[in-house]
Amino acid sequence: MRGLPNSRPRPAGPFIWGIGILLPGMKRAAAPKPKPAKPARPAAKRRRRDHHNVYVIELDGAVLNHARFRKANPNRDILKPCVYVGCTGLTPEARFAKHKAGIQANAYVQRYGLRLLPKLYAYANPMPYDAARDMEVELAIALQEEGYAVWQA
């Protein structure tokens with residue numbers, strides 16, 4: 001066997017992974033080339049901390065044809081509209097558009113949603129997520145006590 005005087009003879013078996021023994025005629029794999037450094041990206045804009053909103057959507061009166069909706073609002077005032085109360089990290093307008101498009105939509109809003117009622121929620125927006133989540137429930141209860149037929153999911 002040719003080679004350096006102190007070289008070990010090659011075994012006749014197959015390549016043994018982890019030990020580094022090769023069969024005659026095989027070449028070692030080249031070491032992986034280092035990846036080029038990624039160019040530095042500009043610092044991403046941080047979203048402002050208080051970017052969650054509550055919103056109120058007026059629903060068509062035909063929603064009262066659903067027994068579930070009527071059952072949830074036994075003490076409604078017939079002179080006040082039916083509404084949906086929600087919470088979002090988007091603007092209320094963007095969230096309403098998503099409801100109408102069927103994206104993460106509430107079925108009542110998708111079928112019966114007419115328009116946003118900003119006079120009922122605009123005073124409170126924007127706020128942190130925890131406050132918006134709590135405000136959604138509080139606003140729904142307050143509107144229901146005033147006689148609105150409310151759906152809140």
# chains A, B, ... in the order shown; residues from 1 in each chain; ligands from 1
>>> residues_around(residues="stretch 62-71 of chain A", least_positions_apart="3", cutoff="8 Å", atoms="only C-alpha atoms", output="PyMOL selection string")
chain A and resi 59+74+82+108+112+151
>>> atom_distance(atom1="atom CA of A:His51", atom2="atom CA of A:Lys98")
17.6 Å
>>> atom_distance(atom1="atom CA of A:Pro126", atom2="atom CA of A:Val54")
8.0 Å
>>> residues_around(residues="A:Glu138", least_positions_apart="6", cutoff="12 Å", atoms="only C-alpha atoms", output="list in words")
Val54, Val85, Gly86, Cys87, Tyr121, Ala124, Ala131, Ala132, Gln144, Glu145, Val150 and Gln152 of chain A
>>> write_last_selection(atoms="N, CA and C atoms", output="CSV table (one decimal), in the first residue's frame")
chain,number,residue,atom,x,y,z
A,54,VAL,N,-62.2,49.3,20.1
A,54,VAL,CA,-63.5,48.6,20.2
A,54,VAL,C,-64.3,49.3,19.1
A,85,VAL,N,-70.8,44.3,18.9
A,85,VAL,CA,-69.7,45.0,19.6
A,85,VAL,C,-68.5,44.1,19.4
A,86,GLY,N,-67.4,44.7,19.0
A,86,GLY,CA,-66.1,43.9,18.8
A,86,GLY,C,-64.9,44.6,19.3
A,87,CYS,N,-63.8,43.9,19.2
A,87,CYS,CA,-62.5,44.5,19.6
A,87,CYS,C,-61.5,44.1,18.5
A,121,TYR,N,-68.5,54.5,20.1
A,121,TYR,CA,-67.2,53.9,20.6
A,121,TYR,C,-66.0,54.9,20.4
A,124,ALA,N,-63.3,56.1,23.1
A,124,ALA,CA,-62.5,55.3,23.9
A,124,ALA,C,-61.2,54.8,23.2
A,131,ALA,N,-57.1,46.5,27.9
A,131,ALA,CA,-58.1,47.5,28.1
A,131,ALA,C,-59.2,47.4,27.0
A,132,ALA,N,-58.8,47.1,25.8
A,132,ALA,CA,-59.8,46.9,24.7
A,132,ALA,C,-60.7,45.7,24.9
A,144,GLN,N,-76.6,47.2,26.1
A,144,GLN,CA,-77.7,46.3,26.4
A,144,GLN,C,-78.6,46.9,27.5
A,145,GLU,N,-78.0,47.5,28.5
A,145,GLU,CA,-78.8,48.1,29.5
A,145,GLU,C,-79.6,49.4,29.0
A,150,VAL,N,-77.9,43.6,21.5
A,150,VAL,CA,-76.5,43.6,21.3
A,150,VAL,C,-76.0,42.1,21.1
A,152,GLN,N,-72.3,40.2,21.0
A,152,GLN,CA,-70.9,40.4,21.3
A,152,GLN,C,-70.2,39.0,21.4
>>> select_by_dssp(residues="stretch 26-90 of chain A", states="alpha helix (DSSP H)", output="ChimeraX atom specification")
/A:67-72
>>> write_last_selection(atoms="C-alpha atoms", output="PDB file, in the first residue's frame")
ATOM      1  CA  ALA A  67     -84.098  32.968  17.765  1.00  0.00           C
ATOM      2  CA  ARG A  68     -80.620  32.972  19.288  1.00  0.00           C
ATOM      3  CA  PHE A  69     -80.295  36.719  18.796  1.00  0.00           C
ATOM      4  CA  ARG A  70     -83.792  37.382  20.208  1.00  0.00           C
ATOM      5  CA  LYS A  71     -83.117  35.116  23.192  1.00  0.00           C
ATOM      6  CA  ALA A  72     -79.887  37.002  23.991  1.00  0.00           C
TER       7      ALA A  72
END
>>> closest_residue(among="A:Ala31, A:Val56, A:Ile78, A:Leu120", to="A:Gly147", atoms="only C-alpha atoms")
A:Ile78
